[in-house]
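Novice: Input: one structure, supplied below.
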Amino acid sequence: MLGGHSFKFSISIVAGGFYRGFSKPVAMGSVMIVTALIAWIILLPENSTLVLSQAKTFILTGLKGWFLYCLGALSAMALLVAATPVAGRLRLGHDDDRPSFSTASWLSMMFCCGIGGGIVIYAVAEPMSHFVTNPEMIAGTIEPNTEFAARTAVKYAFLHWGLSAWACYAVLGLALALFSFRYDLPLTIRTVVAPLMRRRLAGPVGHAIDIFAIVAIVAGVATTLGYGVKTLSSGLNFLAGGALIDDAPNHLRALLTALAMCAVLATAMVVTGLSRGMKWFSNLGTGLFFAIMLFFALHADASRLSLIAIGAVSDYVVQFPVLSMQVFNDTQTETSAALSAWQTDWTIFYWTWWLAFSPFVGLFIARISRGRTVRQFILGCTLTPCGVCFAWFACTGSAALGLELSGSSENLRSLPPSEQLYAAIALLNTGIVGRVMAWGALVLMFVLASTTLASGVLAINTIAAAGDEGAKPPKHIIMWSLATTLIIGALLAAGGTD
């Protein structure tokens with residue numbers, strides 16, 4: 001029935017005024033909701049912090065099983081579609097369409113948009129945390145402070161940055177790209193349910209879906225940039241010898257300064273367009289990423305790194321169905337409570353993060369993937385970034401854990417998570433190379449955080465403009481950059497990253 005075009009619909013746009021070229025219900029509705037959220041957080045910080053904290057607790061604990069089964073199903077769906085023979089022939093677009101970007105630039109933009117700054121924030125901090133506490137350690141099946149514990153720690157980092165995360169983006173992005181480019185539907189989130197809801201999507205139901213997607217995008221970007229600016233300010237403070245942040249007001253000022261810098265760069269990226277600003281900075285970010293990864297690989301204990309990394313990869317592949325689908329419920333025993341708390345704090349938190357990211361990452365990668373085949377798209381969106389994420393944590397995490405096992409980490413675990421990457425670099429090389437790499441990590445964090453915000457603003461404007469991929473007026477780009485920045489700044493001032 002896809003070829004019958006019976007599910008086509010159109011979205012009305014405004015012919016003139018401030019919202020010219022935009023869907024007024026979607027644009028105004030999302031602006032009103034985000035403005036109300038900003039006002040609520042700024043004017044009633046205690047009330048908003050309490051309500052948001054309670055909502056977070058309910059979502060992470062009450063919907064735990066739903067999140068696990070949802071991402072498990074998405075992972076299976078992505079692999080099944082890629083293995084289908086027709087996937088190699090079916091093109092995302094008309095049969096004569098070809099890709100607009102080289103494979104290298106396509107993968108760079110997709111990777112920088114999809115991972116945000118999180119992979120820099122948790123490069124060392126996550127494996128180090130899992131080295132101290134993880135489900136197998138809680139259950140008493142492995143000994144702490146051993147090489148097998150290090151291998152298990154890296155395995156859980158792979159779980160959180162592996163197939164489950166990228167399957168979210170791939171499935172949504174595939175639906176958007178297929179329906180938009182091959183069947184000429186609007187490039188908006190409502191399009192993914194067009195075969196089910198058909199022409200009803202032209203009215204209030206479709207508007208509500210797009211508004212909800214925009215709010216989810218703001219939430220996803222806020223999470224990443226909230227942690228990202230903390231890592232930026234902590235990195236500057238660490239590299240300056242602790243001279244920049246010595247009290248709470250200075251800390252907040254540093255966070256807001258870093259946030260403003262990201263907002264300015266992100267706005268410039270969107271204004272200059274996909275083929276210039278976004279492409280250039282994505283390539284820069286990818287280059288820095290691989291340079292830092294190579295630094296860790298060359299300075300780590302090679303035999304220990306290879307043993308930890310190879311073991312972690314094999315464990316992840318073999319245990320993936322259980323790791324991704326097992327629900328730890330609190331059955332009122334000490335062990336079950338600890339397992340449930342760990343899964344909530346780590347796995348479920350990540351799963352909600354990826355799902356909140358998926359509307360804008362899915363739309364962004366769909367937008368840059370016109371002309372590719374379905375198989376190229378799925379494999380490019382899943383296996384390639386999974387492999388890169390695995391290589392990253394295998395190098396950074398294994399190197400840091402090697403320092404810990406050899407007793408030369410100098411209490412790396414006691415540092416704030418936002419400083420652990422910089423400290424690990426300094427421990428591995430105390431000379432000029434280590435100094436350059438530490439500053440490189442800081443620049444990478446800045447580029448990835450800015451790229452995340454830019455991608456989010458780009459997706460918001462595309463959705464609000466009824467799927468129009470053309471350049472948007474700078475006033476709308478600035479408006480959404482400012483709105484997203486304000487909500488992040490308000491959250492940081494009200495309650496911080498907690």
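Going through the structure tokens in order, the chains are called A, B, and so on, while each chain numbers its residues from 1 and the ligands are numbered from 1 in the order shown.
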May I have the residues within 10 Å of Phe212 in chain A as a ChimeraX atom specification, using only C-alpha atoms and disregarding those fewer than 3 positions away in the same chain?

Specialist: /A:26,29-30,33,189,206-209,215-217,359

Novice: Could the residues in this selection be saved with all heavy atoms as a short mmCIF file (atom, residue, chain, number, x, y, z; two decimals), in the first residue's frame?

Specialist:
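Saved the output as result_36.cif:
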```cif
data_model
loop_
_atom_site.label_atom_id
_atom_site.label_comp_id
_atom_site.auth_asym_id
_atom_site.auth_seq_id
_atom_site.Cartn_x
_atom_site.Cartn_y
_atom_site.Cartn_z
N VAL A 26 2.19 24.51 15.26
CA VAL A 26 3.36 23.81 15.79
C VAL A 26 4.37 24.81 16.33
O VAL A 26 4.89 24.66 17.45
CB VAL A 26 4.00 22.93 14.70
CG1 VAL A 26 5.31 22.32 15.21
CG2 VAL A 26 3.04 21.84 14.27
N GLY A 29 2.77 26.73 19.36
CA GLY A 29 2.51 25.82 20.47
C GLY A 29 3.78 25.41 21.19
O GLY A 29 3.84 25.40 22.43
N SER A 30 4.82 25.07 20.44
CA SER A 30 6.08 24.66 21.06
C SER A 30 6.76 25.83 21.75
O SER A 30 7.33 25.67 22.84
CB SER A 30 7.00 24.03 20.02
OG SER A 30 7.15 24.86 18.89
N ILE A 33 5.00 26.39 25.12
CA ILE A 33 5.31 25.38 26.13
C ILE A 33 6.72 25.59 26.68
O ILE A 33 6.94 25.57 27.90
CB ILE A 33 5.15 23.97 25.54
CG1 ILE A 33 3.68 23.67 25.27
CG2 ILE A 33 5.73 22.92 26.50
CD1 ILE A 33 3.44 22.35 24.56
N ILE A 189 8.18 14.67 12.34
CA ILE A 189 8.05 13.45 13.14
C ILE A 189 6.69 12.78 12.90
O ILE A 189 6.59 11.54 12.93
CB ILE A 189 8.25 13.75 14.64
CG1 ILE A 189 9.63 14.36 14.86
CG2 ILE A 189 8.10 12.49 15.47
CD1 ILE A 189 10.79 13.49 14.41
N GLY A 206 -1.67 15.62 14.32
CA GLY A 206 -0.33 15.76 13.77
C GLY A 206 0.43 16.90 14.42
O GLY A 206 1.63 16.78 14.71
N HIS A 207 -0.26 18.03 14.66
CA HIS A 207 0.41 19.17 15.33
C HIS A 207 0.90 18.76 16.71
O HIS A 207 2.01 19.13 17.12
CB HIS A 207 -0.56 20.34 15.45
CG HIS A 207 -1.07 20.86 14.14
ND1 HIS A 207 -0.35 20.77 12.98
CD2 HIS A 207 -2.25 21.48 13.82
CE1 HIS A 207 -1.04 21.31 11.98
NE2 HIS A 207 -2.20 21.73 12.47
N ALA A 208 0.07 18.00 17.45
CA ALA A 208 0.45 17.59 18.81
C ALA A 208 1.69 16.69 18.79
O ALA A 208 2.57 16.81 19.65
CB ALA A 208 -0.72 16.85 19.48
N ILE A 209 1.77 15.79 17.80
CA ILE A 209 2.95 14.92 17.69
C ILE A 209 4.21 15.74 17.47
O ILE A 209 5.24 15.53 18.12
CB ILE A 209 2.75 13.90 16.54
CG1 ILE A 209 1.64 12.91 16.89
CG2 ILE A 209 4.06 13.16 16.24
CD1 ILE A 209 1.25 12.00 15.74
N VAL A 215 9.48 19.48 22.10
CA VAL A 215 9.75 19.54 23.54
C VAL A 215 10.73 18.44 23.93
O VAL A 215 11.63 18.67 24.76
CB VAL A 215 8.43 19.43 24.34
CG1 VAL A 215 8.72 19.36 25.84
CG2 VAL A 215 7.52 20.61 24.05
N ALA A 216 10.60 17.25 23.35
CA ALA A 216 11.55 16.17 23.62
C ALA A 216 12.96 16.54 23.15
O ALA A 216 13.94 16.22 23.83
CB ALA A 216 11.10 14.88 22.92
N ILE A 217 13.06 17.21 22.02
CA ILE A 217 14.36 17.65 21.51
C ILE A 217 15.01 18.62 22.50
O ILE A 217 16.19 18.50 22.83
CB ILE A 217 14.21 18.31 20.13
CG1 ILE A 217 13.87 17.25 19.08
CG2 ILE A 217 15.49 19.06 19.73
CD1 ILE A 217 13.47 17.83 17.73
N PRO A 359 14.27 12.08 18.28
CA PRO A 359 13.56 12.91 17.30
C PRO A 359 14.48 13.80 16.48
O PRO A 359 14.33 13.90 15.25
CB PRO A 359 12.61 13.75 18.17
CG PRO A 359 12.39 12.93 19.39
CD PRO A 359 13.70 12.24 19.64
#
```

Novice: Report the closest atom pair, with its distance in Å rounded to one decimal, for each residue of range 321-422 of chain A that has an atom no farther than 12 Å from range 442-447 of chain A; count only C-alpha atoms, sort by chain and then rising residue number, and write it as a Markdown table.

Specialist:
```
| residue | atom | partner | partner_atom | distance |
| --- | --- | --- | --- | --- |
| A:Ser418 | CA | A:Met445 | CA | 10.9 |
| A:Glu419 | CA | A:Leu442 | CA | 10.6 |
| A:Leu421 | CA | A:Leu442 | CA | 9.8 |
| A:Tyr422 | CA | A:Leu442 | CA | 8.4 |
```

Novice: For the residues selected in the previous step, produce a file with C-alpha atoms as an mmCIF file, in the first residue's frame.

Specialist:
```cif
data_model
loop_
_atom_site.group_PDB
_atom_site.id
_atom_site.type_symbol
_atom_site.label_atom_id
_atom_site.label_comp_id
_atom_site.auth_asym_id
_atom_site.auth_seq_id
_atom_site.Cartn_x
_atom_site.Cartn_y
_atom_site.Cartn_z
ATOM 1 C CA SER A 418 33.862 15.835 34.648
ATOM 2 C CA GLU A 419 37.632 15.966 35.415
ATOM 3 C CA LEU A 421 39.367 12.339 31.359
ATOM 4 C CA TYR A 422 41.756 15.280 31.708
#
```

Novice: Quick one: residues within 10 Å of Lys475 in chain A, only C-alpha atoms, excluding same-chain residues fewer than 5 positions away - as a count of residues only?

Specialist: 4

Novice: Could you work out how far CA of Thr224 in chain A lies from CA of Gly467 in chain A, giving the answer in Å with one decimal?

Specialist: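 CA of Gly467 in chain A sits 24.8 Å away from CA of Thr224 in chain A.
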
Novice: I want to know what sits within 8 Å of Thr485 in chain A, based on only C-alpha atoms, with residues of the same chain fewer than 4 positions away left out; could you give that as a PyMOL selection string?

Specialist: chain A and resi 222+259-260+263+481+489

Novice: I need the residue nearest Phe295 in chain A from this list: A:Met137, A:Ala399, A:Val374, A:Leu92. Use only C-alpha atoms for the distance.

Specialist: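 For Phe295 in chain A, the nearest of the given residues is A:Ala399.
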
Novice: Figure out the distance between CA of Ser314 in chain A and CA of Met110 in chain A, please, to one decimal in Å.

Specialist: 26.0 Å

Novice: Pick out the residues sitting within 8 Å of Ser180 in chain A, and hand them over as a PyMOL selection string; count only C-alpha atoms, and ignore anything fewer than 6 positions along from it in its own chain.

Specialist: chain A and resi 93+186-187+191
